[in-house]
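Here is the file work_19.pdb (PDB, C-alpha atoms and all ligand atoms).
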ATOM      1  CA  MET Z  12      98.800 123.847 115.905  1.00  0.00           C
ATOM      2  CA  LEU Z  13      98.770 120.446 114.270  1.00  0.00           C
ATOM      3  CA  SER Z  14     101.983 118.401 114.385  1.00  0.00           C
ATOM      4  CA  PHE Z  15     102.927 116.226 111.404  1.00  0.00           C
ATOM      5  CA  VAL Z  16     104.991 113.514 113.030  1.00  0.00           C
ATOM      6  CA  THR Z  17     107.690 112.469 110.611  1.00  0.00           C
ATOM      7  CA  THR Z  18     111.394 112.431 109.980  1.00  0.00           C
ATOM      8  CA  ASN Z  19     110.715 112.789 106.247  1.00  0.00           C
ATOM      9  CA  LEU Z  20     110.853 116.340 104.879  1.00  0.00           C
ATOM     10  CA  GLY Z  21     109.364 115.236 101.563  1.00  0.00           C
ATOM     11  CA  LYS Z  22     106.139 114.341 103.351  1.00  0.00           C
ATOM     12  CA  VAL Z  23     106.078 117.676 105.162  1.00  0.00           C
ATOM     13  CA  ARG Z  24     106.449 119.552 101.873  1.00  0.00           C
ATOM     14  CA  GLU Z  25     103.439 117.744 100.466  1.00  0.00           C
ATOM     15  CA  ALA Z  26     101.306 118.205 103.602  1.00  0.00           C
ATOM     16  CA  THR Z  27     101.976 121.938 103.704  1.00  0.00           C
ATOM     17  CA  GLU Z  28     100.289 122.234 100.302  1.00  0.00           C
ATOM     18  CA  TYR Z  29      97.044 121.097 101.894  1.00  0.00           C
ATOM     19  CA  LEU Z  30      97.302 122.353 105.435  1.00  0.00           C
ATOM     20  CA  ASP Z  31      99.274 125.610 104.960  1.00  0.00           C
ATOM     21  CA  ASP Z  32     100.605 127.035 108.191  1.00  0.00           C
ATOM     22  CA  GLU Z  33      98.233 124.938 110.278  1.00  0.00           C
ATOM     23  CA  VAL Z  34     100.845 122.181 110.339  1.00  0.00           C
ATOM     24  CA  ARG Z  35     104.388 121.977 111.644  1.00  0.00           C
ATOM     25  CA  GLN Z  36     106.846 119.129 111.455  1.00  0.00           C
ATOM     26  CA  PHE Z  37     107.340 117.222 114.691  1.00  0.00           C
ATOM     27  CA  ASP Z  38     110.586 115.351 114.152  1.00  0.00           C
ATOM     28  CA  PHE Z  39     109.792 112.361 116.338  1.00  0.00           C
ATOM     29  CA  ASP Z  40     110.881 108.871 115.363  1.00  0.00           C
ATOM     30  CA  TYR Z  41     107.992 106.941 116.889  1.00  0.00           C
ATOM     31  CA  PRO Z  42     108.687 103.246 117.509  1.00  0.00           C
ATOM     32  CA  GLU Z  43     107.047 101.465 114.553  1.00  0.00           C
ATOM     33  CA  VAL Z  44     105.137  98.369 115.604  1.00  0.00           C
ATOM     34  CA  GLN Z  45     105.766  95.290 113.485  1.00  0.00           C
ATOM     35  CA  ALA Z  46     102.578  94.910 111.458  1.00  0.00           C
ATOM     36  CA  ASP Z  47     101.567  93.988 107.918  1.00  0.00           C
ATOM     37  CA  ASP Z  48      99.050  96.755 107.862  1.00  0.00           C
ATOM     38  CA  LEU Z  49      99.860 100.450 107.402  1.00  0.00           C
ATOM     39  CA  GLY Z  50      96.806 101.492 109.427  1.00  0.00           C
ATOM     40  CA  THR Z  51      97.968  99.618 112.503  1.00  0.00           C
ATOM     41  CA  VAL Z  52     101.446 101.139 112.282  1.00  0.00           C
ATOM     42  CA  ALA Z  53     100.089 104.659 111.743  1.00  0.00           C
ATOM     43  CA  ALA Z  54      97.524 104.374 114.548  1.00  0.00           C
ATOM     44  CA  GLN Z  55     100.050 103.190 117.120  1.00  0.00           C
ATOM     45  CA  GLY Z  56     102.473 105.880 115.976  1.00  0.00           C
ATOM     46  CA  ALA Z  57      99.836 108.572 116.367  1.00  0.00           C
ATOM     47  CA  ARG Z  58      99.091 107.489 119.941  1.00  0.00           C
ATOM     48  CA  GLU Z  59     102.777 107.476 120.895  1.00  0.00           C
ATOM     49  CA  ALA Z  60     103.352 110.821 119.241  1.00  0.00           C
ATOM     50  CA  TYR Z  61     100.281 112.420 120.800  1.00  0.00           C
ATOM     51  CA  ARG Z  62     101.633 111.556 124.223  1.00  0.00           C
ATOM     52  CA  ALA Z  63     104.985 113.101 123.316  1.00  0.00           C
ATOM     53  CA  ALA Z  64     103.611 116.203 121.557  1.00  0.00           C
ATOM     54  CA  ASP Z  65     100.725 116.820 123.956  1.00  0.00           C
ATOM     55  CA  GLY Z  66      98.667 118.265 121.107  1.00  0.00           C
ATOM     56  CA  PRO Z  67      96.912 117.113 117.923  1.00  0.00           C
ATOM     57  CA  VAL Z  68      99.125 114.976 115.673  1.00  0.00           C
ATOM     58  CA  ILE Z  69      99.043 113.227 112.322  1.00  0.00           C
ATOM     59  CA  VAL Z  70     101.243 110.291 111.351  1.00  0.00           C
ATOM     60  CA  ASP Z  71     101.540 109.127 107.744  1.00  0.00           C
ATOM     61  CA  ASP Z  72     102.620 105.544 107.116  1.00  0.00           C
ATOM     62  CA  ALA Z  73     103.210 104.818 103.447  1.00  0.00           C
ATOM     63  CA  GLY Z  74     104.332 101.892 101.326  1.00  0.00           C
ATOM     64  CA  LEU Z  75     105.018 100.759  97.788  1.00  0.00           C
ATOM     65  CA  PHE Z  76     103.093  97.583  96.876  1.00  0.00           C
ATOM     66  CA  ILE Z  77     104.502  95.738  93.834  1.00  0.00           C
ATOM     67  CA  ASP Z  78     102.027  93.284  92.306  1.00  0.00           C
ATOM     68  CA  ALA Z  79     104.647  90.837  90.955  1.00  0.00           C
ATOM     69  CA  PHE Z  80     105.991  90.466  94.512  1.00  0.00           C
ATOM     70  CA  ASP Z  81     102.578  90.058  96.139  1.00  0.00           C
ATOM     71  CA  GLY Z  82     102.697  93.543  97.536  1.00  0.00           C
ATOM     72  CA  PHE Z  83     106.312  93.573  98.745  1.00  0.00           C
ATOM     73  CA  PRO Z  84     107.859  95.812 100.089  1.00  0.00           C
ATOM     74  CA  GLY Z  85     104.559  97.302 101.362  1.00  0.00           C
ATOM     75  CA  PRO Z  86     104.856  98.145 105.067  1.00  0.00           C
ATOM     76  CA  TYR Z  87     108.580  97.356 104.894  1.00  0.00           C
ATOM     77  CA  SER Z  88     109.292 100.008 102.226  1.00  0.00           C
ATOM     78  CA  SER Z  89     111.378 102.213 104.457  1.00  0.00           C
ATOM     79  CA  TYR Z  90     113.663  99.327 105.386  1.00  0.00           C
ATOM     80  CA  VAL Z  91     113.955  98.269 101.748  1.00  0.00           C
ATOM     81  CA  GLU Z  92     114.814 101.801 100.617  1.00  0.00           C
ATOM     82  CA  ASP Z  93     117.543 101.980 103.276  1.00  0.00           C
ATOM     83  CA  THR Z  94     118.989  98.539 102.566  1.00  0.00           C
ATOM     84  CA  VAL Z  95     118.335  97.515  98.941  1.00  0.00           C
ATOM     85  CA  GLY Z  96     117.861 101.025  97.548  1.00  0.00           C
ATOM     86  CA  VAL Z  97     115.459 102.403  94.962  1.00  0.00           C
ATOM     87  CA  GLU Z  98     117.590 101.607  91.900  1.00  0.00           C
ATOM     88  CA  ARG Z  99     117.814  97.922  92.844  1.00  0.00           C
ATOM     89  CA  VAL Z 100     114.079  97.711  93.463  1.00  0.00           C
ATOM     90  CA  TRP Z 101     113.717  98.735  89.810  1.00  0.00           C
ATOM     91  CA  ARG Z 102     116.281  96.123  88.699  1.00  0.00           C
ATOM     92  CA  MET Z 103     114.499  93.416  90.686  1.00  0.00           C
ATOM     93  CA  THR Z 104     111.227  94.354  88.999  1.00  0.00           C
ATOM     94  CA  GLU Z 105     112.629  94.813  85.474  1.00  0.00           C
ATOM     95  CA  PRO Z 106     112.505  91.112  84.429  1.00  0.00           C
ATOM     96  CA  GLU Z 107     108.870  90.818  85.465  1.00  0.00           C
ATOM     97  CA  ALA Z 108     106.210  90.867  82.749  1.00  0.00           C
ATOM     98  CA  ASP Z 109     103.858  92.724  85.048  1.00  0.00           C
ATOM     99  CA  ARG Z 110     105.424  95.779  86.675  1.00  0.00           C
ATOM    100  CA  SER Z 111     102.251  97.237  88.086  1.00  0.00           C
ATOM    101  CA  ALA Z 112     102.286  98.580  91.606  1.00  0.00           C
ATOM    102  CA  ALA Z 113     100.415 100.851  93.975  1.00  0.00           C
ATOM    103  CA  PHE Z 114     101.482 103.482  96.444  1.00  0.00           C
ATOM    104  CA  LYS Z 115      99.382 103.561  99.535  1.00  0.00           C
ATOM    105  CA  THR Z 116      99.320 105.721 102.624  1.00  0.00           C
ATOM    106  CA  VAL Z 117      97.329 105.849 105.820  1.00  0.00           C
ATOM    107  CA  ILE Z 118      97.185 109.073 107.785  1.00  0.00           C
ATOM    108  CA  ALA Z 119      96.316 108.629 111.454  1.00  0.00           C
ATOM    109  CA  TYR Z 120      95.023 111.544 113.514  1.00  0.00           C
ATOM    110  CA  CYS Z 121      94.955 111.689 117.299  1.00  0.00           C
ATOM    111  CA  ASP Z 122      94.159 114.584 119.608  1.00  0.00           C
ATOM    112  CA  GLY Z 123      93.154 112.661 122.714  1.00  0.00           C
ATOM    113  CA  GLY Z 124      89.497 113.408 122.071  1.00  0.00           C
ATOM    114  CA  PRO Z 125      86.757 111.026 120.966  1.00  0.00           C
ATOM    115  CA  PHE Z 126      85.535 110.670 117.367  1.00  0.00           C
ATOM    116  CA  GLU Z 127      82.470 109.237 115.823  1.00  0.00           C
ATOM    117  CA  ALA Z 128      83.595 105.961 114.244  1.00  0.00           C
ATOM    118  CA  THR Z 129      82.777 105.502 110.582  1.00  0.00           C
ATOM    119  CA  PRO Z 130      81.499 102.013 109.792  1.00  0.00           C
ATOM    120  CA  GLU Z 131      83.822 100.791 107.055  1.00  0.00           C
ATOM    121  CA  PRO Z 132      86.728  98.771 108.489  1.00  0.00           C
ATOM    122  CA  VAL Z 133      90.265  98.994 107.199  1.00  0.00           C
ATOM    123  CA  ASP Z 134      90.964  95.958 105.052  1.00  0.00           C
ATOM    124  CA  THR Z 135      94.050  94.292 106.451  1.00  0.00           C
ATOM    125  CA  THR Z 136      94.108  91.388 103.996  1.00  0.00           C
ATOM    126  CA  ASP Z 137      95.213  92.910 100.682  1.00  0.00           C
ATOM    127  CA  ARG Z 138      98.740  94.275 100.721  1.00  0.00           C
ATOM    128  CA  ARG Z 139      98.566  95.732  97.262  1.00  0.00           C
ATOM    129  CA  GLY Z 140      96.036  98.387  98.118  1.00  0.00           C
ATOM    130  CA  GLN Z 141      93.645  97.599  95.254  1.00  0.00           C
ATOM    131  CA  ASP Z 142      90.865  96.854  97.731  1.00  0.00           C
ATOM    132  CA  LEU Z 143      91.111 100.432  98.890  1.00  0.00           C
ATOM    133  CA  ALA Z 144      88.925 101.432  95.970  1.00  0.00           C
ATOM    134  CA  ALA Z 145      86.112 100.581  98.381  1.00  0.00           C
ATOM    135  CA  ALA Z 146      87.601 102.745 101.085  1.00  0.00           C
ATOM    136  CA  GLU Z 147      87.762 105.650  98.627  1.00  0.00           C
ATOM    137  CA  ARG Z 148      83.984 105.876  98.940  1.00  0.00           C
ATOM    138  CA  ASP Z 149      84.318 106.742 102.554  1.00  0.00           C
ATOM    139  CA  THR Z 150      86.089 109.820 103.813  1.00  0.00           C
ATOM    140  CA  ALA Z 151      87.579 108.249 106.894  1.00  0.00           C
ATOM    141  CA  THR Z 152      87.858 104.961 108.628  1.00  0.00           C
ATOM    142  CA  THR Z 153      88.232 103.862 112.202  1.00  0.00           C
ATOM    143  CA  ASP Z 154      88.611 100.130 112.645  1.00  0.00           C
ATOM    144  CA  GLU Z 155      88.206  97.702 115.501  1.00  0.00           C
ATOM    145  CA  GLN Z 156      91.903  97.539 116.281  1.00  0.00           C
ATOM    146  CA  VAL Z 157      91.997 101.294 116.520  1.00  0.00           C
ATOM    147  CA  ARG Z 158      88.979 101.494 118.816  1.00  0.00           C
ATOM    148  CA  GLU Z 159      90.526  98.909 121.135  1.00  0.00           C
ATOM    149  CA  GLY Z 160      93.354 101.260 122.063  1.00  0.00           C
ATOM    150  CA  ASP Z 161      93.190 103.701 124.918  1.00  0.00           C
ATOM    151  CA  LEU Z 162      93.324 106.754 122.676  1.00  0.00           C
ATOM    152  CA  PRO Z 163      90.940 107.108 119.730  1.00  0.00           C
ATOM    153  CA  VAL Z 164      92.528 107.494 116.311  1.00  0.00           C
ATOM    154  CA  LYS Z 165      90.972 108.407 112.989  1.00  0.00           C
ATOM    155  CA  LEU Z 166      92.400 106.973 109.755  1.00  0.00           C
ATOM    156  CA  PHE Z 167      92.414 108.477 106.252  1.00  0.00           C
ATOM    157  CA  GLU Z 168      93.577 106.327 103.357  1.00  0.00           C
ATOM    158  CA  GLY Z 169      94.793 107.088  99.886  1.00  0.00           C
ATOM    159  CA  TRP Z 170      96.278 104.994  97.117  1.00  0.00           C
ATOM    160  CA  VAL Z 171      97.337 105.406  93.521  1.00  0.00           C
ATOM    161  CA  PRO Z 172      98.074 102.798  90.851  1.00  0.00           C
ATOM    162  CA  GLY Z 173     101.240 102.958  88.785  1.00  0.00           C
ATOM    163  CA  GLU Z 174     104.119 101.053  87.293  1.00  0.00           C
ATOM    164  CA  ILE Z 175     107.721 100.463  88.318  1.00  0.00           C
ATOM    165  CA  VAL Z 176     110.069 101.950  85.700  1.00  0.00           C
ATOM    166  CA  ALA Z 177     113.763 102.818  85.291  1.00  0.00           C
ATOM    167  CA  PRO Z 178     114.525 105.897  87.428  1.00  0.00           C
ATOM    168  CA  ARG Z 179     113.573 109.261  85.874  1.00  0.00           C
ATOM    169  CA  GLY Z 180     113.299 112.759  87.295  1.00  0.00           C
ATOM    170  CA  ASP Z 181     114.970 114.846  89.996  1.00  0.00           C
ATOM    171  CA  GLY Z 182     112.018 115.878  92.148  1.00  0.00           C
ATOM    172  CA  GLY Z 183     110.153 114.187  94.970  1.00  0.00           C
ATOM    173  CA  PHE Z 184     111.761 111.709  97.321  1.00  0.00           C
ATOM    174  CA  GLY Z 185     112.005 108.015  98.139  1.00  0.00           C
ATOM    175  CA  PHE Z 186     110.652 105.767  95.388  1.00  0.00           C
ATOM    176  CA  ASP Z 187     109.349 108.679  93.290  1.00  0.00           C
ATOM    177  CA  PRO Z 188     111.905 108.235  90.440  1.00  0.00           C
ATOM    178  CA  ILE Z 189     110.782 104.638  89.771  1.00  0.00           C
ATOM    179  CA  PHE Z 190     107.015 105.098  90.258  1.00  0.00           C
ATOM    180  CA  GLU Z 191     105.245 106.079  87.042  1.00  0.00           C
ATOM    181  CA  HIS Z 192     101.630 107.182  86.849  1.00  0.00           C
ATOM    182  CA  ASP Z 193     100.045 107.950  83.447  1.00  0.00           C
ATOM    183  CA  GLY Z 194     103.425 108.111  81.707  1.00  0.00           C
ATOM    184  CA  THR Z 195     105.136 110.422  84.214  1.00  0.00           C
ATOM    185  CA  THR Z 196     107.182 109.432  87.245  1.00  0.00           C
ATOM    186  CA  PHE Z 197     106.407 111.133  90.547  1.00  0.00           C
ATOM    187  CA  ALA Z 198     109.946 112.537  90.476  1.00  0.00           C
ATOM    188  CA  GLU Z 199     109.122 114.308  87.190  1.00  0.00           C
ATOM    189  CA  MET Z 200     106.144 116.075  88.763  1.00  0.00           C
ATOM    190  CA  SER Z 201     105.985 119.254  90.818  1.00  0.00           C
ATOM    191  CA  THR Z 202     104.671 118.910  94.378  1.00  0.00           C
ATOM    192  CA  GLU Z 203     101.284 120.264  93.204  1.00  0.00           C
ATOM    193  CA  GLU Z 204     101.103 117.807  90.304  1.00  0.00           C
ATOM    194  CA  LYS Z 205     102.008 114.880  92.529  1.00  0.00           C
ATOM    195  CA  ASN Z 206      99.560 115.930  95.253  1.00  0.00           C
ATOM    196  CA  ALA Z 207      96.739 116.168  92.727  1.00  0.00           C
ATOM    197  CA  ILE Z 208      96.884 112.436  92.017  1.00  0.00           C
ATOM    198  CA  SER Z 209      99.041 110.802  94.683  1.00  0.00           C
ATOM    199  CA  HIS Z 210      98.181 108.471  97.544  1.00  0.00           C
ATOM    200  CA  ARG Z 211      99.219 111.173 100.030  1.00  0.00           C
ATOM    201  CA  GLY Z 212      97.323 113.927  98.224  1.00  0.00           C
ATOM    202  CA  ARG Z 213      94.158 111.847  98.334  1.00  0.00           C
ATOM    203  CA  ALA Z 214      94.530 111.011 102.004  1.00  0.00           C
ATOM    204  CA  LEU Z 215      95.423 114.612 102.856  1.00  0.00           C
ATOM    205  CA  ALA Z 216      92.388 115.937 100.998  1.00  0.00           C
ATOM    206  CA  LYS Z 217      90.109 113.679 103.037  1.00  0.00           C
ATOM    207  CA  PHE Z 218      91.853 114.612 106.249  1.00  0.00           C
ATOM    208  CA  ALA Z 219      91.831 118.363 105.524  1.00  0.00           C
ATOM    209  CA  GLU Z 220      88.105 118.309 104.838  1.00  0.00           C
ATOM    210  CA  TRP Z 221      87.327 116.408 108.018  1.00  0.00           C
ATOM    211  CA  TYR Z 222      89.714 118.482 110.124  1.00  0.00           C
ATOM    212  CA  ALA Z 223      88.208 121.772 108.942  1.00  0.00           C
ATOM    213  CA  GLY Z 224      84.829 120.489 110.127  1.00  0.00           C
ATOM    214  CA  ARG Z 225      86.265 119.382 113.454  1.00  0.00           C
ATOM    215  CA  GLU Z 226      87.853 122.776 114.038  1.00  0.00           C
ATOM    216  CA  THR Z 227      84.624 124.633 113.348  1.00  0.00           C
ATOM    217  CA  GLY Z 228      82.612 122.038 115.286  1.00  0.00           C
ATOM    218  CA  GLU Z 229      80.443 121.021 112.285  1.00  0.00           C
TER     219      GLU Z 229
HETATM  220  P1  LIG Z 301     108.519 108.664 108.831  1.00  0.00           P
HETATM  221  O1  LIG Z 301     108.146 107.256 109.247  1.00  0.00           O
HETATM  222  O2  LIG Z 301     109.408 109.380 109.787  1.00  0.00           O
HETATM  223  O3  LIG Z 301     107.317 109.482 108.454  1.00  0.00           O
HETATM  224  P2  LIG Z 301     109.622 107.326 106.499  1.00  0.00           P
HETATM  225  O4  LIG Z 301     110.361 107.866 105.312  1.00  0.00           O
HETATM  226  O5  LIG Z 301     110.214 106.167 107.224  1.00  0.00           O
HETATM  227  O6  LIG Z 301     109.377 108.571 107.479  1.00  0.00           O
HETATM  228  P3  LIG Z 301     107.344 105.679 105.701  1.00  0.00           P
HETATM  229  O7  LIG Z 301     107.718 104.545 106.571  1.00  0.00           O
HETATM  230  O8  LIG Z 301     105.903 106.066 105.654  1.00  0.00           O
HETATM  231  O9  LIG Z 301     108.133 107.017 106.084  1.00  0.00           O
HETATM  232  O10 LIG Z 301     107.800 105.461 104.214  1.00  0.00           O
HETATM  233  C1  LIG Z 301     108.056 104.200 103.676  1.00  0.00           C
HETATM  234  C2  LIG Z 301     109.018 104.354 102.549  1.00  0.00           C
HETATM  235  O11 LIG Z 301     108.331 104.829 101.407  1.00  0.00           O
HETATM  236  C3  LIG Z 301     110.183 105.301 102.800  1.00  0.00           C
HETATM  237  O12 LIG Z 301     111.325 104.713 102.200  1.00  0.00           O
HETATM  238  C4  LIG Z 301     109.776 106.577 102.089  1.00  0.00           C
HETATM  239  O13 LIG Z 301     110.888 107.292 101.599  1.00  0.00           O
HETATM  240  C5  LIG Z 301     108.938 106.029 100.958  1.00  0.00           C
HETATM  241  N1  LIG Z 301     107.856 106.918 100.593  1.00  0.00           N
HETATM  242  C6  LIG Z 301     106.831 107.324 101.378  1.00  0.00           C
HETATM  243  N2  LIG Z 301     106.011 108.135 100.710  1.00  0.00           N
HETATM  244  C7  LIG Z 301     106.545 108.245  99.464  1.00  0.00           C
HETATM  245  C8  LIG Z 301     106.180 108.953  98.315  1.00  0.00           C
HETATM  246  O14 LIG Z 301     105.135 109.755  98.302  1.00  0.00           O
HETATM  247  N3  LIG Z 301     106.950 108.848  97.235  1.00  0.00           N
HETATM  248  C9  LIG Z 301     108.039 108.056  97.226  1.00  0.00           C
HETATM  249  N4  LIG Z 301     108.471 107.365  98.271  1.00  0.00           N
HETATM  250  C10 LIG Z 301     107.728 107.465  99.393  1.00  0.00           C
END
Show me this structure written as structure tokens.
Amino acid sequence: MLSFVTTNLGKVREATEYLDDEVRQFDFDYPEVQADDLGTVAAQGAREAYRAADGPVIVDDAGLFIDAFDGFPGPYSSYVEDTVGVERVWRMTEPEADRSAAFKTVIAYCDGGPFEATPEPVDTTDRRGQDLAAAERDTATTDEQVREGDLPVKLFEGWVPGEIVAPRGDGGFGFDPIFEHDGTTFAEMSTEEKNAISHRGRALAKFAEWYAGRETGE
């Protein structure tokens, strides 16, 4: 059984869509390393959680990257949601001429076993996630930092462009009410609709495909 390591039930709901009953929530608040890069945070979290769960785990580290603020809050999104709040993030963005943003997530998988590293490194320089268009060509990434650790970790990235808008909708979680994609906020979408286009849906699709192959030994 695969453990999805998170305290966030919204994430679990979305992952279940892709991984059915193969996944269970492992409510473990792994110590998040201070890093500007979601991949680094997710990879370290996956290692910590694997040791605690003693079985295969995935960790999902996500962030909202607002262009007008050079990618802020990015890896600090959780802290900003807890302190500033979603409504005020909208009000901070409202006066800006450009309200474009991206949601990005990195899913890190660890089961204690080795993986074949894929060549494309995680780009740690662009906080907005736009550079991840390149990573979209690849199904998974393992970077140098990840290989340096004692336990191998495989990373799966997903991102989606959008715009920060006044809050709309009752669904979803976190920043969903203020993140609009193609005229609809994530909070106005069903879980299936959001998964079909979201950062997490894209990363989960890549992971699910790879994981199915790993399970059957392909
Ligand atoms: P875990 O670390 O326990 O998984 P978290 O909620 O802290 O839970 P993140 O650090 O990955 O997870 O999330 C950063 C912030 O972004 C946090 O405030 C989330 O609520 C929010 N967030 C993550 N994914 C989101 C999504 O798909 N839609 C809206 N907000 C999201």
For this session: Kindly compile the residues surrounding ligand LIG 301 (chain Z) within 9 Å, counting all atoms listed in the file, and format them as a PyMOL selection string.
Result: chain Z and resi 15-23+25+38-41+43+49+53+56+70-75+84-93+96-97+114-117+183-190+197-198+205-206+209-212
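Across the structure, CA of Cys121 in chain Z and CA of Trp170 in chain Z are spaced 21.3 Å apart.
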Exercise. Applied to this file, what does the PyMOL selection byres (((chain Z and resi 58-69) around 12) and not hetatm) return in terms of residues, put as a ChimeraX atom specification?
Worked result: /Z:12-17,22-23,26,30,33-44,51-57,70-72,117-124,157-158,160-167,214-215,218-219,222,225-226
Problem set entry | Exercise: Ala113 in chain Z partners within 6 Å, only C-alpha atoms, chain neighbours under 2 positions left out, as a ChimeraX atom specification | /Z:75-76,171-173
Give the padded box for range 82-99 of chain Z as AutoDock Vina command-line options: axis-aligned, covering all atoms listed in the file, 3 Å on each side, centre and edge lengths in Å to one decimal.
--center_x 110.8 --center_y 98.0 --center_z 98.6 --size_x 22.3 --size_y 14.9 --size_z 19.5
For this session: Please indicate the distance in Å from CA of Lys217 in chain Z to CA of Glu168 in chain Z, rounded to one decimal place.
Result: 8.1 Å
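With CA of Gly224 in chain Z on one side and CA of Glu203 in chain Z on the other, the separation reads 23.6 Å.
With only C-alpha atoms as the atoms that count, the minimum distance from Thr195 in chain Z to the choices Z:Glu174, Z:Asp78, Z:Asp31, Z:Glu220 is reached by Z:Glu174.
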Reconstructed range 47-61 of chain Z, atom set N, CA, C and O atoms, as a CSV table (one decimal), in the frame of the given file:
chain,number,residue,atom,x,y,z
Z,47,ASP,N,101.7,94.1,109.4
Z,47,ASP,CA,101.6,94.0,107.9
Z,47,ASP,C,100.7,95.1,107.4
Z,47,ASP,O,100.5,95.2,106.2
Z,48,ASP,N,100.1,95.8,108.3
Z,48,ASP,CA,99.0,96.8,107.9
Z,48,ASP,C,99.5,98.2,108.2
Z,48,ASP,O,99.8,98.5,109.3
Z,49,LEU,N,99.4,99.1,107.2
Z,49,LEU,CA,99.9,100.4,107.4
Z,49,LEU,C,99.0,101.2,108.5
Z,49,LEU,O,99.5,102.0,109.2
Z,50,GLY,N,97.7,100.8,108.5
Z,50,GLY,CA,96.8,101.5,109.4
Z,50,GLY,C,97.2,101.2,110.9
Z,50,GLY,O,97.2,102.1,111.7
Z,51,THR,N,97.6,100.0,111.1
Z,51,THR,CA,98.0,99.6,112.5
Z,51,THR,C,99.2,100.4,112.9
Z,51,THR,O,99.3,100.9,114.0
Z,52,VAL,N,100.2,100.4,112.0
Z,52,VAL,CA,101.4,101.1,112.3
Z,52,VAL,C,101.2,102.6,112.5
Z,52,VAL,O,101.6,103.2,113.5
Z,53,ALA,N,100.4,103.2,111.6
Z,53,ALA,CA,100.1,104.7,111.7
Z,53,ALA,C,99.3,105.0,113.0
Z,53,ALA,O,99.6,106.0,113.7
Z,54,ALA,N,98.4,104.1,113.4
Z,54,ALA,CA,97.5,104.4,114.5
Z,54,ALA,C,98.4,104.3,115.8
Z,54,ALA,O,98.3,105.2,116.7
Z,55,GLN,N,99.2,103.3,115.9
Z,55,GLN,CA,100.0,103.2,117.1
Z,55,GLN,C,101.0,104.4,117.2
Z,55,GLN,O,101.3,104.9,118.3
Z,56,GLY,N,101.5,104.7,116.0
Z,56,GLY,CA,102.5,105.9,116.0
Z,56,GLY,C,101.8,107.2,116.4
Z,56,GLY,O,102.4,108.0,117.2
Z,57,ALA,N,100.6,107.3,116.0
Z,57,ALA,CA,99.8,108.6,116.4
Z,57,ALA,C,99.6,108.6,117.9
Z,57,ALA,O,99.7,109.7,118.5
Z,58,ARG,N,99.3,107.5,118.5
Z,58,ARG,CA,99.1,107.5,119.9
Z,58,ARG,C,100.4,107.9,120.7
Z,58,ARG,O,100.4,108.7,121.6
Z,59,GLU,N,101.5,107.2,120.3
Z,59,GLU,CA,102.8,107.5,120.9
Z,59,GLU,C,103.1,108.9,120.7
Z,59,GLU,O,103.6,109.6,121.7
Z,60,ALA,N,103.0,109.4,119.5
Z,60,ALA,CA,103.4,110.8,119.2
Z,60,ALA,C,102.5,111.8,120.0
Z,60,ALA,O,102.9,112.9,120.4
Z,61,TYR,N,101.2,111.5,120.1
Z,61,TYR,CA,100.3,112.4,120.8
Z,61,TYR,C,100.8,112.6,122.2
Z,61,TYR,O,100.8,113.7,122.8
